[in-house]
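What follows is one structure encoded as structure tokens, with my remarks underneath.
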Amino acid sequence: MRVVIAEDSVLLRAGVQSLLADVGIETAAAVDNGEDMLVAVREHRPDLVIADVRMPPTYTDEGLRAALAARKEIPGLPVLVVSQYVEGTYAVDLITEGTSGVGYLLKERVADVAEFLEAVRRVAGGGSAIDPDVVAQMLSRSRDPLDALTAREKEVLGLMAQGLSNAAIAKRLVVTQGAVENHIGNIFAKLSLEASGEENRRIRAVLTYLDSTASRG
């Protein structure tokens, strides 16, 4: 078996490579970003790709997007995602576009060597290995994400969607700008929008609101 590893942590990348070598699995390439992963996949046509979710340059979802792109280029390419996080949208895309040769494990499972190697072999053989915690989080995220917001937070988000600034929202609701900022911080947290630039999170929150509104409409 030949694999391509995409992991930005040098120690973890070397550790997985060593672990695989101990059981006779060859690493064709070990890279630290999604773009190089795609190059390696095209060059080596591996039996399996092992990819992290968050890699340079933005550390958000590069690994998952690269994995999806690789499977589009090489249909059925086995991919095992190993991450500390469950990246909702792209994880659903990866898993639901076909469970043949797909795995998604949380990194804590890598500590169980036997379980990890079993997942590697299963996914490479065309099976699936989905962490129960991943399934649980994906199912919980399938509900309307706005359900977690209070009525005031939904009101603030609705005004954000209209393009109002924090100051304008405060004036409309007759509250302080600090109160609005607190509500927005709560919105970001409840929608699991981790720090990636205030404007970026604001746009993502508005898109979530519009998507939810359209689904209900």
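Residues are referred to by chain and number: the chain letter is A, B, ... according to the order shown in the structure tokens, the number counts from 1 in that chain, and ligands are numbered separately from 1 in the order shown.
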
Practice problem: Do a neighbour search on Pro56 (chain A) at 9 Å with only C-alpha atoms, toss out local chain neighbours closer than 2 positions, and write the hits as a list of chain:residue names. | Solution: A:Asp8, A:Asp32, A:Asn33, A:Gly34, A:Arg54, A:Thr58, A:Tyr59, A:Thr60, A:Glu62, A:Gly63

Would you mind exporting the chosen residues as a tab-separated table (two decimals), in the first residue's frame, restricted to all heavy atoms?
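The result, stored in again.tsv:
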```
chain	number	residue	atom	x	y	z
A	8	ASP	N	0.10	19.44	8.61
A	8	ASP	CA	1.03	20.55	8.80
A	8	ASP	C	1.91	20.41	10.03
A	8	ASP	O	2.96	21.06	10.13
A	8	ASP	CB	0.26	21.88	8.85
A	8	ASP	CG	-0.59	22.00	10.09
A	8	ASP	OD1	-1.59	21.27	10.18
A	8	ASP	OD2	-0.28	22.83	10.96
A	32	ASP	N	2.62	19.41	3.72
A	32	ASP	CA	2.01	20.18	4.82
A	32	ASP	C	0.91	21.12	4.39
A	32	ASP	O	0.51	22.00	5.16
A	32	ASP	CB	3.10	20.97	5.57
A	32	ASP	CG	3.74	22.06	4.71
A	32	ASP	OD1	3.37	22.19	3.51
A	32	ASP	OD2	4.61	22.77	5.23
A	33	ASN	N	0.39	20.97	3.16
A	33	ASN	CA	-0.70	21.83	2.72
A	33	ASN	C	-1.52	21.15	1.63
A	33	ASN	O	-1.07	20.17	1.00
A	33	ASN	CB	-0.16	23.18	2.22
A	33	ASN	CG	0.72	23.04	1.00
A	33	ASN	OD1	0.23	22.94	-0.12
A	33	ASN	ND2	2.04	23.00	1.21
A	34	GLY	N	-2.73	21.66	1.40
A	34	GLY	CA	-3.65	21.03	0.47
A	34	GLY	C	-3.20	21.08	-0.98
A	34	GLY	O	-3.39	20.13	-1.74
A	54	ARG	N	-7.31	21.25	8.82
A	54	ARG	CA	-6.85	22.64	8.87
A	54	ARG	C	-5.35	22.72	8.60
A	54	ARG	O	-4.54	22.27	9.40
A	54	ARG	CB	-7.19	23.25	10.23
A	54	ARG	CG	-8.69	23.22	10.48
A	54	ARG	CD	-9.07	23.91	11.77
A	54	ARG	NE	-10.52	23.88	11.95
A	54	ARG	CZ	-11.15	24.51	12.91
A	54	ARG	NH1	-10.48	25.23	13.78
A	54	ARG	NH2	-12.47	24.44	13.00
A	58	THR	N	-4.77	29.33	5.61
A	58	THR	CA	-5.77	29.94	6.50
A	58	THR	C	-6.11	29.06	7.70
A	58	THR	O	-6.78	29.52	8.62
A	58	THR	CB	-7.08	30.25	5.75
A	58	THR	OG1	-7.71	29.01	5.36
A	58	THR	CG2	-6.81	31.10	4.52
A	59	TYR	N	-5.69	27.81	7.68
A	59	TYR	CA	-5.96	26.89	8.78
A	59	TYR	C	-7.46	26.78	9.08
A	59	TYR	O	-7.88	26.81	10.23
A	59	TYR	CB	-5.20	27.31	10.05
A	59	TYR	CG	-3.70	27.19	9.90
A	59	TYR	CD1	-2.95	28.30	9.50
A	59	TYR	CD2	-3.05	25.99	10.11
A	59	TYR	CE1	-1.57	28.20	9.32
A	59	TYR	CE2	-1.68	25.88	9.94
A	59	TYR	CZ	-0.94	26.98	9.55
A	59	TYR	OH	0.41	26.88	9.37
A	60	THR	N	-8.25	26.66	8.04
A	60	THR	CA	-9.70	26.48	8.22
A	60	THR	C	-10.12	25.11	7.71
A	60	THR	O	-10.34	24.19	8.48
A	60	THR	CB	-10.49	27.60	7.52
A	60	THR	OG1	-10.09	27.68	6.15
A	60	THR	CG2	-10.25	28.93	8.20
A	62	GLU	N	-8.72	23.73	4.45
A	62	GLU	CA	-7.96	23.42	3.23
A	62	GLU	C	-7.85	21.92	2.97
A	62	GLU	O	-7.97	21.47	1.83
A	62	GLU	CB	-6.54	24.01	3.32
A	62	GLU	CG	-6.47	25.52	3.18
A	62	GLU	CD	-6.73	26.23	4.49
A	62	GLU	OE1	-7.00	25.54	5.50
A	62	GLU	OE2	-6.67	27.45	4.50
A	63	GLY	N	-7.58	21.15	4.03
A	63	GLY	CA	-7.40	19.72	3.84
A	63	GLY	C	-8.63	19.01	3.31
A	63	GLY	O	-8.55	18.18	2.41
```

Region 18-74 of chain A near region 105-126 of chain A within 9 Å: what's each residue's closest atom pair and its distance in Å to one decimal, counting only C-alpha atoms, ordered by chain then ascending residue number, as a tab-separated table?
```
residue	atom	partner	partner_atom	distance
A:Leu19	CA	A:Val113	CA	8.2
A:Leu20	CA	A:Leu117	CA	7.8
A:Val23	CA	A:Leu117	CA	8.8
A:Asp47	CA	A:Ala124	CA	6.1
A:Leu48	CA	A:Ala124	CA	5.4
A:Val49	CA	A:Ala124	CA	8.6
A:Ile50	CA	A:Val120	CA	8.4
```

Restricting it to N, CA, C and O atoms, dump the selection as a short mmCIF file (atom, residue, chain, number, x, y, z; two decimals), in the first residue's frame.
```cif
data_model
loop_
_atom_site.label_atom_id
_atom_site.label_comp_id
_atom_site.auth_asym_id
_atom_site.auth_seq_id
_atom_site.Cartn_x
_atom_site.Cartn_y
_atom_site.Cartn_z
N LEU A 19 4.77 5.15 11.84
CA LEU A 19 3.80 4.14 12.24
C LEU A 19 3.42 3.25 11.06
O LEU A 19 3.35 2.02 11.18
N LEU A 20 3.18 3.88 9.92
CA LEU A 20 2.81 3.12 8.72
C LEU A 20 3.98 2.27 8.24
O LEU A 20 3.79 1.12 7.81
N VAL A 23 4.47 -1.19 9.67
CA VAL A 23 3.61 -2.30 9.23
C VAL A 23 3.68 -2.47 7.71
O VAL A 23 2.80 -3.06 7.10
N ASP A 47 -2.74 4.67 -2.96
CA ASP A 47 -3.86 3.81 -2.58
C ASP A 47 -4.74 4.48 -1.52
O ASP A 47 -5.88 4.08 -1.32
N LEU A 48 -4.17 5.49 -0.86
CA LEU A 48 -4.90 6.17 0.21
C LEU A 48 -4.29 7.54 0.45
O LEU A 48 -3.08 7.71 0.36
N VAL A 49 -5.14 8.52 0.77
CA VAL A 49 -4.70 9.83 1.23
C VAL A 49 -5.11 9.98 2.69
O VAL A 49 -6.26 9.73 3.05
N ILE A 50 -4.15 10.38 3.52
CA ILE A 50 -4.44 10.68 4.92
C ILE A 50 -4.26 12.18 5.08
O ILE A 50 -3.15 12.71 4.87
#
```

Quiz prompt | Among listed residues A:Val53, A:Ala14, A:Leu157, A:Ala67, nearest Met37 (chain A) (using only C-alpha atoms) | solution =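 Comparing A:Val53, A:Ala14, A:Leu157, A:Ala67 against Met37 (chain A), the winner is A:Ala67.
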
Exercise. Based on DSSP run over this structure's backbone, return all residues of region 12-142 of chain A in alpha helix (DSSP H), as a ChimeraX atom specification.
Key: /A:12-22,34-44,62-73,88-96,113-124,132-141

Quiz prompt | Within 8 Å of Leu191 (chain A) using only C-alpha atoms, minus same-chain residues under 3 positions, as an MDAnalysis selection string | solution = chainID A and resid 145:146 148 187:188 205

Quiz prompt | Selection: 8 Å around Ala69 (chain A), only C-alpha atoms, excl. self and same-chain fewer than 4 positions, as a VMD selection string | solution = chain A and resid 38 65 73

Can I get the selection written as a PDB file, in the first residue's frame, with all heavy atoms?
```pdb
ATOM      1  N   LEU A  38      -2.562  17.788  -3.525  1.00  0.00           N
ATOM      2  CA  LEU A  38      -3.128  17.513  -4.847  1.00  0.00           C
ATOM      3  C   LEU A  38      -2.038  17.195  -5.855  1.00  0.00           C
ATOM      4  O   LEU A  38      -2.196  16.290  -6.683  1.00  0.00           O
ATOM      5  CB  LEU A  38      -3.954  18.712  -5.316  1.00  0.00           C
ATOM      6  CG  LEU A  38      -5.327  18.870  -4.666  1.00  0.00           C
ATOM      7  CD1 LEU A  38      -5.959  20.199  -5.070  1.00  0.00           C
ATOM      8  CD2 LEU A  38      -6.238  17.722  -5.057  1.00  0.00           C
ATOM      9  N   ARG A  65     -11.160  20.435   1.657  1.00  0.00           N
ATOM     10  CA  ARG A  65     -11.442  20.884   0.291  1.00  0.00           C
ATOM     11  C   ARG A  65     -10.501  20.221  -0.700  1.00  0.00           C
ATOM     12  O   ARG A  65     -10.909  19.831  -1.799  1.00  0.00           O
ATOM     13  CB  ARG A  65     -11.347  22.414   0.201  1.00  0.00           C
ATOM     14  CG  ARG A  65     -12.508  23.108   0.896  1.00  0.00           C
ATOM     15  CD  ARG A  65     -12.567  24.600   0.602  1.00  0.00           C
ATOM     16  NE  ARG A  65     -11.567  25.351   1.352  1.00  0.00           N
ATOM     17  CZ  ARG A  65     -10.497  25.905   0.836  1.00  0.00           C
ATOM     18  NH1 ARG A  65     -10.256  25.813  -0.469  1.00  0.00           N
ATOM     19  NH2 ARG A  65      -9.651  26.581   1.587  1.00  0.00           N
ATOM     20  N   GLU A  73     -11.047  14.441  -9.059  1.00  0.00           N
ATOM     21  CA  GLU A  73     -10.082  14.137 -10.113  1.00  0.00           C
ATOM     22  C   GLU A  73      -9.897  12.631 -10.272  1.00  0.00           C
ATOM     23  O   GLU A  73      -9.739  12.130 -11.384  1.00  0.00           O
ATOM     24  CB  GLU A  73      -8.734  14.781  -9.801  1.00  0.00           C
ATOM     25  CG  GLU A  73      -8.724  16.284  -9.937  1.00  0.00           C
ATOM     26  CD  GLU A  73      -7.311  16.851  -9.895  1.00  0.00           C
ATOM     27  OE1 GLU A  73      -6.352  16.088 -10.164  1.00  0.00           O
ATOM     28  OE2 GLU A  73      -7.169  18.048  -9.594  1.00  0.00           O
TER      29      GLU A  73
END
```

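Distances from A:Val206, A:Leu11, A:Ala6, A:Ala21 to Ser83 (chain A) were compared using only C-alpha atoms, and the smallest one belongs to A:Ala6.
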
Quiz prompt | Filtered DSSP result for region 50-105 of chain A, state strand (DSSP E or B), as a list in words | solution =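 In region 50-105 of chain A, DSSP puts these residues in strand (DSSP E or B): Ile50, Ala51, Val79, Leu80, Val81, Val82, Ser83, Val102, Gly103, Tyr104 and Leu105 of chain A.
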
Selected residues written out, N, CA, C and O atoms, as a PDB file, in the first residue's frame:
```pdb
ATOM      1  N   ILE A  50      -4.152  10.377   3.522  1.00  0.00           N
ATOM      2  CA  ILE A  50      -4.435  10.682   4.925  1.00  0.00           C
ATOM      3  C   ILE A  50      -4.255  12.183   5.077  1.00  0.00           C
ATOM      4  O   ILE A  50      -3.154  12.710   4.871  1.00  0.00           O
ATOM      5  N   ALA A  51      -5.325  12.901   5.412  1.00  0.00           N
ATOM      6  CA  ALA A  51      -5.273  14.365   5.406  1.00  0.00           C
ATOM      7  C   ALA A  51      -5.822  14.980   6.682  1.00  0.00           C
ATOM      8  O   ALA A  51      -6.823  14.506   7.237  1.00  0.00           O
ATOM      9  N   VAL A  79      -9.853   8.223   0.990  1.00  0.00           N
ATOM     10  CA  VAL A  79      -9.393   9.371   1.782  1.00  0.00           C
ATOM     11  C   VAL A  79      -9.742   9.140   3.241  1.00  0.00           C
ATOM     12  O   VAL A  79     -10.898   8.863   3.576  1.00  0.00           O
ATOM     13  N   LEU A  80      -8.739   9.270   4.091  1.00  0.00           N
ATOM     14  CA  LEU A  80      -8.953   9.192   5.535  1.00  0.00           C
ATOM     15  C   LEU A  80      -8.592  10.542   6.139  1.00  0.00           C
ATOM     16  O   LEU A  80      -7.431  10.953   6.114  1.00  0.00           O
ATOM     17  N   VAL A  81      -9.591  11.257   6.640  1.00  0.00           N
ATOM     18  CA  VAL A  81      -9.379  12.550   7.284  1.00  0.00           C
ATOM     19  C   VAL A  81      -9.138  12.304   8.774  1.00  0.00           C
ATOM     20  O   VAL A  81      -9.893  11.580   9.419  1.00  0.00           O
ATOM     21  N   VAL A  82      -8.070  12.902   9.283  1.00  0.00           N
ATOM     22  CA  VAL A  82      -7.751  12.785  10.700  1.00  0.00           C
ATOM     23  C   VAL A  82      -7.596  14.194  11.244  1.00  0.00           C
ATOM     24  O   VAL A  82      -6.700  14.931  10.836  1.00  0.00           O
ATOM     25  N   SER A  83      -8.480  14.596  12.157  1.00  0.00           N
ATOM     26  CA  SER A  83      -8.492  15.994  12.590  1.00  0.00           C
ATOM     27  C   SER A  83      -8.907  16.131  14.041  1.00  0.00           C
ATOM     28  O   SER A  83      -9.503  15.215  14.622  1.00  0.00           O
ATOM     29  N   VAL A 102     -13.939   6.107   2.440  1.00  0.00           N
ATOM     30  CA  VAL A 102     -13.952   7.393   3.141  1.00  0.00           C
ATOM     31  C   VAL A 102     -13.843   7.156   4.647  1.00  0.00           C
ATOM     32  O   VAL A 102     -14.523   6.292   5.198  1.00  0.00           O
ATOM     33  N   GLY A 103     -12.994   7.947   5.290  1.00  0.00           N
ATOM     34  CA  GLY A 103     -12.888   7.874   6.738  1.00  0.00           C
ATOM     35  C   GLY A 103     -12.737   9.248   7.334  1.00  0.00           C
ATOM     36  O   GLY A 103     -12.208  10.160   6.691  1.00  0.00           O
ATOM     37  N   TYR A 104     -13.237   9.436   8.553  1.00  0.00           N
ATOM     38  CA  TYR A 104     -13.094  10.707   9.261  1.00  0.00           C
ATOM     39  C   TYR A 104     -12.918  10.357  10.736  1.00  0.00           C
ATOM     40  O   TYR A 104     -13.861   9.970  11.406  1.00  0.00           O
ATOM     41  N   LEU A 105     -11.678  10.480  11.220  1.00  0.00           N
ATOM     42  CA  LEU A 105     -11.377  10.169  12.607  1.00  0.00           C
ATOM     43  C   LEU A 105     -10.896  11.413  13.331  1.00  0.00           C
ATOM     44  O   LEU A 105     -10.233  12.269  12.740  1.00  0.00           O
TER      45      LEU A 105
END
```

Practice problem: Using CA of Arg202 (chain A) and CA of Gly185 (chain A) as the two end points, give the distance in Å to one decimal. | Solution: 10.0 Å

Self-check item: For CA of Gly101 (chain A) and CA of Ser192 (chain A), the interatomic separation in Å (one decimal)
Solution: 28.2 Å

Quiz prompt | Neighbour list for Ala28 (chain A) as a list in words, cut-off 7 Å, only C-alpha atoms, skip fewer than 3 positions in-chain | solution =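 In the requested form, the answer reads Arg2, Val3, Val4 and His44 of chain A.
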
Quiz item: Looking at only C-alpha atoms, which of A:Glu35, A:Glu181, A:Asp211, A:Asp144 is the one that sits closest to Val156 (chain A)?
Solution: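 The shortest atom-to-atom distance to Val156 (chain A) comes from A:Glu181.
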
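Between Asp147 (chain A) and the candidates A:Asp133, A:Ala40, A:Ser212, A:Val16, the tightest atom-to-atom separation, counting only C-alpha atoms, involves A:Ser212.
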
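Neighbours of Arg172 (chain A) closer than or equal to 10 Å, with only C-alpha atoms counted and sequence neighbours fewer than 4 positions away skipped, come out as Val156, Leu159, Leu164, Asn166, Ala167 and Ala168 of chain A.
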
Quiz item: Pick from A:His183, A:Ala66, A:Arg152, A:Ile74: nearest to Glu43 (chain A), with only C-alpha atoms counted?
Solution: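 Counting only C-alpha atoms, the residue closest to Glu43 (chain A) is A:Ile74.
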
Practice problem: Can you work out the spacing between CA of Leu210 (chain A) and CA of Ala161 (chain A) in Å, to one decimal? | Solution: 7.6 Å
